[in-house]
Amino acid sequence: MRMPDIDWNALWRAGHARRFMSARDPGFWDKRAPEFARHVQTDGYASQFMAILKPQPAWRVLDIGCAAGTLAVPMAPRVKAITAMDPSARMRELLQQRCDNEGIGNIRIVDGRWEDDWDVLGVGVHDVAIASRSLIVDDLQGAIEKLQRHASRRVVLSAMVGDGPHDRRIFDAVGREFIAGADYILLVNLLRQMGIFADLTFICQHQQKNYRDVEDALNGMRWMLQGMTPDEEDRLRTYLARTLVRENGRWKLPYQRIVRWAVIGWNTNGVDDF
């Protein structure tokens, strides 16, 4: 089969159907919000993304899937304005709290998702649109076209590389098969097929989260194993009790994982000024 004949959009859809069914529900992110917000402020992802993005003072930025402000909060002092969109009520609440606590006044928070009509939501056109680790969509090509309509200068995305934040050892511990999903290379190939020549950079995180105790660790890993049965919970609890090591009053797994994210960007105005 020739490359132009491959339906990269269909391959992406199939990969996401296998791995991200539960993540389409805003309730999934409501539950993850406190733990997610706690870790992302200290894991180095935002600083690496900012170094790639290079925000400019005159920019108006659209941040789709903003979570609790992973990028919006550190970006706010460096740009003119941000529209931060997320379907999770709890994520939006945490972002508003951070804005209030830090005196940030240039972030507009919007309840919205990929499938919504952004014109009805009053999103409008921004200089730059970003979708950081938030491409949980069936129709990837439609999402790309939507981003381009709402970004007058540039689009920047980040997508998972390989297993991403999923830890195969945790799946093995509960006796569940790990099913690989859509990888960034499908996105790169689709963009090329659409005639978009994108820049590609990688963020590399050395990840070793710490926890208060076994139950805190178990709860922090539930997102990987949606719908855990009581037997699976018991197996994971036993594995963690046997495996976690204590350091500086906290508990952590005795190994460090390298998690990579692909950052993919392109200009929408035909001007090579980045």
# chains A, B, ... in the order shown; residues from 1 in each chain; ligands from 1
$ residues_around --residues "region 137-154 of chain A" --least-positions-apart "3" --cutoff "6 Å" --atoms "only C-alpha atoms" --output "PDB file with N, CA and C atoms, in the first residue's frame"
ATOM      1  N   ASN A   9      -6.308   8.892   9.575  1.00  0.00           N
ATOM      2  CA  ASN A   9      -7.379   9.309  10.474  1.00  0.00           C
ATOM      3  C   ASN A   9      -8.085   8.092  11.067  1.00  0.00           C
ATOM      4  N   ARG A  13      -8.305   6.869  14.963  1.00  0.00           N
ATOM      5  CA  ARG A  13      -9.595   6.581  15.605  1.00  0.00           C
ATOM      6  C   ARG A  13      -9.573   5.204  16.267  1.00  0.00           C
ATOM      7  N   VAL A 125     -11.173  33.754  16.907  1.00  0.00           N
ATOM      8  CA  VAL A 125      -9.866  33.454  16.328  1.00  0.00           C
ATOM      9  C   VAL A 125      -8.765  34.023  17.220  1.00  0.00           C
ATOM     10  N   HIS A 126      -7.749  33.215  17.476  1.00  0.00           N
ATOM     11  CA  HIS A 126      -6.604  33.622  18.281  1.00  0.00           C
ATOM     12  C   HIS A 126      -5.348  33.622  17.408  1.00  0.00           C
ATOM     13  N   ASP A 127      -4.272  34.173  17.930  1.00  0.00           N
ATOM     14  CA  ASP A 127      -3.006  34.112  17.199  1.00  0.00           C
ATOM     15  C   ASP A 127      -2.491  32.684  17.145  1.00  0.00           C
ATOM     16  N   VAL A 128      -2.527  32.022  18.297  1.00  0.00           N
ATOM     17  CA  VAL A 128      -1.958  30.682  18.428  1.00  0.00           C
ATOM     18  C   VAL A 128      -2.962  29.777  19.142  1.00  0.00           C
ATOM     19  N   ALA A 129      -3.086  28.549  18.649  1.00  0.00           N
ATOM     20  CA  ALA A 129      -3.916  27.540  19.322  1.00  0.00           C
ATOM     21  C   ALA A 129      -3.010  26.403  19.765  1.00  0.00           C
ATOM     22  N   TRP A 266       3.088  24.073  13.543  1.00  0.00           N
ATOM     23  CA  TRP A 266       3.182  24.593  12.184  1.00  0.00           C
ATOM     24  C   TRP A 266       2.487  25.947  12.100  1.00  0.00           C
ATOM     25  N   ASN A 267       2.921  26.739  11.142  1.00  0.00           N
ATOM     26  CA  ASN A 267       2.320  28.054  10.911  1.00  0.00           C
ATOM     27  C   ASN A 267       1.077  27.908  10.052  1.00  0.00           C
ATOM     28  N   THR A 268       0.070  28.706  10.357  1.00  0.00           N
ATOM     29  CA  THR A 268      -1.173  28.670   9.588  1.00  0.00           C
ATOM     30  C   THR A 268      -1.277  29.844   8.623  1.00  0.00           C
ATOM     31  N   ASN A 269      -0.343  30.782   8.722  1.00  0.00           N
ATOM     32  CA  ASN A 269      -0.427  31.992   7.895  1.00  0.00           C
ATOM     33  C   ASN A 269       0.543  31.982   6.729  1.00  0.00           C
TER      34      ASN A 269
END
$ closest_residue --among "A:Met224, A:Ile104, A:Leu240, A:Ala10" --to "Arg78 (chain A)" --atoms "only C-alpha atoms"
A:Ile104
$ residues_around --residues "Val188 (chain A)" --least-positions-apart "4" --cutoff "8 Å" --atoms "only C-alpha atoms" --output "PyMOL selection string"
chain A and resi 184+192+198+264
$ write_last_selection --atoms "all heavy atoms" --output "PDB file, in the first residue's frame"
ATOM      1  N   TYR A 184       2.127   9.359  18.336  1.00  0.00           N
ATOM      2  CA  TYR A 184       2.301  10.647  17.657  1.00  0.00           C
ATOM      3  C   TYR A 184       2.579  10.504  16.165  1.00  0.00           C
ATOM      4  O   TYR A 184       2.252  11.388  15.370  1.00  0.00           O
ATOM      5  CB  TYR A 184       3.447  11.421  18.307  1.00  0.00           C
ATOM      6  CG  TYR A 184       4.816  10.989  17.829  1.00  0.00           C
ATOM      7  CD1 TYR A 184       5.481  11.696  16.824  1.00  0.00           C
ATOM      8  CD2 TYR A 184       5.438   9.848  18.351  1.00  0.00           C
ATOM      9  CE1 TYR A 184       6.728  11.289  16.368  1.00  0.00           C
ATOM     10  CE2 TYR A 184       6.666   9.435  17.892  1.00  0.00           C
ATOM     11  CZ  TYR A 184       7.308  10.152  16.907  1.00  0.00           C
ATOM     12  OH  TYR A 184       8.526   9.742  16.455  1.00  0.00           O
ATOM     13  N   ARG A 192       1.286  15.396   7.187  1.00  0.00           N
ATOM     14  CA  ARG A 192       1.991  15.362   5.899  1.00  0.00           C
ATOM     15  C   ARG A 192       1.021  15.076   4.764  1.00  0.00           C
ATOM     16  O   ARG A 192       1.107  15.691   3.684  1.00  0.00           O
ATOM     17  CB  ARG A 192       3.095  14.294   5.953  1.00  0.00           C
ATOM     18  CG  ARG A 192       3.843  14.112   4.635  1.00  0.00           C
ATOM     19  CD  ARG A 192       4.604  15.363   4.263  1.00  0.00           C
ATOM     20  NE  ARG A 192       5.207  15.247   2.941  1.00  0.00           N
ATOM     21  CZ  ARG A 192       4.606  15.567   1.802  1.00  0.00           C
ATOM     22  NH1 ARG A 192       3.367  16.041   1.818  1.00  0.00           N
ATOM     23  NH2 ARG A 192       5.220  15.424   0.646  1.00  0.00           N
ATOM     24  N   ALA A 198       5.188  20.075   9.423  1.00  0.00           N
ATOM     25  CA  ALA A 198       5.247  20.508  10.816  1.00  0.00           C
ATOM     26  C   ALA A 198       6.644  20.337  11.406  1.00  0.00           C
ATOM     27  O   ALA A 198       7.431  19.493  10.970  1.00  0.00           O
ATOM     28  CB  ALA A 198       4.243  19.710  11.649  1.00  0.00           C
ATOM     29  N   ILE A 264       4.419  19.155  18.260  1.00  0.00           N
ATOM     30  CA  ILE A 264       4.296  19.293  16.816  1.00  0.00           C
ATOM     31  C   ILE A 264       3.661  20.650  16.504  1.00  0.00           C
ATOM     32  O   ILE A 264       2.568  20.944  16.992  1.00  0.00           O
ATOM     33  CB  ILE A 264       3.435  18.152  16.249  1.00  0.00           C
ATOM     34  CG1 ILE A 264       4.076  16.798  16.598  1.00  0.00           C
ATOM     35  CG2 ILE A 264       3.244  18.293  14.744  1.00  0.00           C
ATOM     36  CD1 ILE A 264       3.121  15.637  16.536  1.00  0.00           C
TER      37      ILE A 264
END
$ select_by_dssp --residues "region 159-255 of chain A" --states "strand (DSSP E or B)" --output "MDAnalysis selection string"
chainID A and resid 159:160 199:207 210:211 245:247 250:252
$ residues_around --residues "Leu218 (chain A)" --least-positions-apart "5" --cutoff "12 Å" --atoms "only C-alpha atoms" --output "PDB file with C-alpha atoms, in the first residue's frame"
ATOM      1  CA  GLU A  35      -3.861  14.481  41.729  1.00  0.00           C
ATOM      2  CA  ILE A 170       1.200  -1.897  36.702  1.00  0.00           C
ATOM      3  CA  ALA A 173       0.750  -6.579  38.369  1.00  0.00           C
ATOM      4  CA  VAL A 174      -3.034  -6.858  38.088  1.00  0.00           C
ATOM      5  CA  ASN A 210       5.763   9.792  45.250  1.00  0.00           C
ATOM      6  CA  TYR A 211       2.795   9.003  47.475  1.00  0.00           C
ATOM      7  CA  ARG A 212       1.658   9.233  51.080  1.00  0.00           C
ATOM      8  CA  ASP A 213       0.995   5.503  51.417  1.00  0.00           C
ATOM      9  CA  TRP A 223      -6.801   6.202  35.780  1.00  0.00           C
ATOM     10  CA  MET A 224      -4.633   3.604  34.025  1.00  0.00           C
ATOM     11  CA  LEU A 225      -6.910   0.714  34.972  1.00  0.00           C
ATOM     12  CA  MET A 228     -10.787  -2.358  38.170  1.00  0.00           C
ATOM     13  CA  GLU A 232      -7.465  -6.510  40.461  1.00  0.00           C
ATOM     14  CA  GLU A 233      -7.466  -3.956  43.274  1.00  0.00           C
ATOM     15  CA  ASP A 234      -6.222  -6.589  45.705  1.00  0.00           C
ATOM     16  CA  ARG A 235      -3.456  -7.631  43.316  1.00  0.00           C
ATOM     17  CA  LEU A 236      -2.372  -4.023  42.787  1.00  0.00           C
ATOM     18  CA  ARG A 237      -2.475  -3.281  46.513  1.00  0.00           C
ATOM     19  CA  THR A 238      -0.324  -6.355  47.208  1.00  0.00           C
ATOM     20  CA  TYR A 239       2.136  -5.373  44.460  1.00  0.00           C
ATOM     21  CA  LEU A 240       2.451  -1.826  45.790  1.00  0.00           C
ATOM     22  CA  ALA A 241       2.865  -2.945  49.400  1.00  0.00           C
ATOM     23  CA  LEU A 244       7.071   0.740  47.137  1.00  0.00           C
ATOM     24  CA  TRP A 251       6.618   6.270  49.154  1.00  0.00           C
ATOM     25  CA  LYS A 252       7.578   5.678  45.536  1.00  0.00           C
ATOM     26  CA  LEU A 253       8.182   2.891  43.055  1.00  0.00           C
TER      27      LEU A 253
END
$ residues_around --residues "Phe49 (chain A)" --least-positions-apart "6" --cutoff "9 Å" --atoms "only C-alpha atoms" --output "PDB file with C-alpha atoms, in the first residue's frame"
ATOM      1  CA  LEU A  71       0.285  25.764  30.569  1.00  0.00           C
ATOM      2  CA  SER A 132      -1.339  19.930  24.970  1.00  0.00           C
ATOM      3  CA  SER A 158       1.608  17.559  21.891  1.00  0.00           C
ATOM      4  CA  ILE A 203       9.751  16.573  25.682  1.00  0.00           C
ATOM      5  CA  VAL A 263       5.485  18.579  20.346  1.00  0.00           C
TER       6      VAL A 263
END
$ closest_residue --among "A:Lys209, A:Thr229, A:Glu177, A:Gly124" --to "Arg60 (chain A)" --atoms "only C-alpha atoms"
A:Gly124
$ select_by_dssp --residues "region 17-264 of chain A" --states "alpha helix (DSSP H)" --output "ChimeraX atom specification"
/A:17-19,26-40,45-53,72-75,89-102,140-149,168-174,184-193,214-221,230-243
$ residues_around --residues "Pro57 (chain A)" --least-positions-apart "6" --cutoff "9 Å" --atoms "only C-alpha atoms" --output "count of residues only"
5
$ residues_around --residues "region 180-183 of chain A" --least-positions-apart "5" --cutoff "6 Å" --atoms "only C-alpha atoms" --output "PDB file with all heavy atoms, in the first residue's frame"
ATOM      1  N   TRP A  12      -5.854   6.437  13.641  1.00  0.00           N
ATOM      2  CA  TRP A  12      -5.906   7.201  14.893  1.00  0.00           C
ATOM      3  C   TRP A  12      -7.181   6.877  15.664  1.00  0.00           C
ATOM      4  O   TRP A  12      -7.143   6.649  16.871  1.00  0.00           O
ATOM      5  CB  TRP A  12      -5.836   8.692  14.584  1.00  0.00           C
ATOM      6  CG  TRP A  12      -5.955   9.574  15.786  1.00  0.00           C
ATOM      7  CD1 TRP A  12      -7.097  10.008  16.391  1.00  0.00           C
ATOM      8  CD2 TRP A  12      -4.875  10.121  16.558  1.00  0.00           C
ATOM      9  NE1 TRP A  12      -6.814  10.795  17.472  1.00  0.00           N
ATOM     10  CE2 TRP A  12      -5.449  10.878  17.603  1.00  0.00           C
ATOM     11  CE3 TRP A  12      -3.486  10.053  16.453  1.00  0.00           C
ATOM     12  CZ2 TRP A  12      -4.676  11.552  18.534  1.00  0.00           C
ATOM     13  CZ3 TRP A  12      -2.722  10.732  17.388  1.00  0.00           C
ATOM     14  CH2 TRP A  12      -3.313  11.466  18.415  1.00  0.00           C
ATOM     15  N   GLY A  15      -6.945   3.522  17.317  1.00  0.00           N
ATOM     16  CA  GLY A  15      -6.032   3.527  18.458  1.00  0.00           C
ATOM     17  C   GLY A  15      -6.636   4.177  19.672  1.00  0.00           C
ATOM     18  O   GLY A  15      -6.478   3.704  20.806  1.00  0.00           O
ATOM     19  N   HIS A  16      -7.377   5.253  19.483  1.00  0.00           N
ATOM     20  CA  HIS A  16      -7.997   5.935  20.616  1.00  0.00           C
ATOM     21  C   HIS A  16      -9.176   5.164  21.160  1.00  0.00           C
ATOM     22  O   HIS A  16      -9.443   5.185  22.360  1.00  0.00           O
ATOM     23  CB  HIS A  16      -8.409   7.355  20.215  1.00  0.00           C
ATOM     24  CG  HIS A  16      -7.333   8.350  20.456  1.00  0.00           C
ATOM     25  ND1 HIS A  16      -7.354   9.238  21.496  1.00  0.00           N
ATOM     26  CD2 HIS A  16      -6.156   8.562  19.820  1.00  0.00           C
ATOM     27  CE1 HIS A  16      -6.258   9.964  21.485  1.00  0.00           C
ATOM     28  NE2 HIS A  16      -5.509   9.583  20.469  1.00  0.00           N
ATOM     29  N   ARG A  19      -7.792   2.717  23.719  1.00  0.00           N
ATOM     30  CA  ARG A  19      -7.139   3.148  24.961  1.00  0.00           C
ATOM     31  C   ARG A  19      -7.893   4.229  25.722  1.00  0.00           C
ATOM     32  O   ARG A  19      -7.847   4.257  26.951  1.00  0.00           O
ATOM     33  CB  ARG A  19      -5.730   3.641  24.658  1.00  0.00           C
ATOM     34  CG  ARG A  19      -4.964   4.026  25.906  1.00  0.00           C
ATOM     35  CD  ARG A  19      -3.606   4.592  25.589  1.00  0.00           C
ATOM     36  NE  ARG A  19      -2.637   3.577  25.260  1.00  0.00           N
ATOM     37  CZ  ARG A  19      -1.366   3.846  24.911  1.00  0.00           C
ATOM     38  NH1 ARG A  19      -0.961   5.085  24.852  1.00  0.00           N
ATOM     39  NH2 ARG A  19      -0.530   2.877  24.622  1.00  0.00           N
ATOM     40  N   MET A 160       1.250  11.711  22.561  1.00  0.00           N
ATOM     41  CA  MET A 160       1.971  10.662  23.263  1.00  0.00           C
ATOM     42  C   MET A 160       2.966   9.945  22.355  1.00  0.00           C
ATOM     43  O   MET A 160       2.707   9.731  21.178  1.00  0.00           O
ATOM     44  CB  MET A 160       0.952   9.659  23.809  1.00  0.00           C
ATOM     45  CG  MET A 160       1.461   8.770  24.897  1.00  0.00           C
ATOM     46  SD  MET A 160       0.091   8.106  25.840  1.00  0.00           S
ATOM     47  CE  MET A 160      -0.905   7.398  24.548  1.00  0.00           C
ATOM     48  N   VAL A 161       4.089   9.568  22.935  1.00  0.00           N
ATOM     49  CA  VAL A 161       5.091   8.755  22.255  1.00  0.00           C
ATOM     50  C   VAL A 161       5.091   7.379  22.906  1.00  0.00           C
ATOM     51  O   VAL A 161       5.284   7.262  24.122  1.00  0.00           O
ATOM     52  CB  VAL A 161       6.490   9.390  22.358  1.00  0.00           C
ATOM     53  CG1 VAL A 161       7.528   8.498  21.672  1.00  0.00           C
ATOM     54  CG2 VAL A 161       6.501  10.786  21.751  1.00  0.00           C
ATOM     55  N   GLY A 162       4.857   6.346  22.113  1.00  0.00           N
ATOM     56  CA  GLY A 162       4.856   4.995  22.665  1.00  0.00           C
ATOM     57  C   GLY A 162       3.798   4.811  23.738  1.00  0.00           C
ATOM     58  O   GLY A 162       2.640   5.173  23.567  1.00  0.00           O
TER      59      GLY A 162
END
$ atom_distance --atom1 "CA of Gln207 (chain A)" --atom2 "CA of Gln256 (chain A)"
5.7 Å
$ atom_distance --atom1 "CA of Glu102 (chain A)" --atom2 "CA of Gln205 (chain A)"
26.3 Å
$ closest_residue --among "A:Arg169, A:Leu190, A:Gly220, A:Arg90" --to "Pro254 (chain A)" --atoms "only C-alpha atoms"
A:Arg169
$ atom_distance --atom1 "CA of Met75 (chain A)" --atom2 "CA of Gln96 (chain A)"
14.8 Å
$ closest_residue --among "A:Gly227, A:Thr83, A:Ala217, A:Ala58" --to "Trp118 (chain A)" --atoms "only C-alpha atoms"
A:Thr83
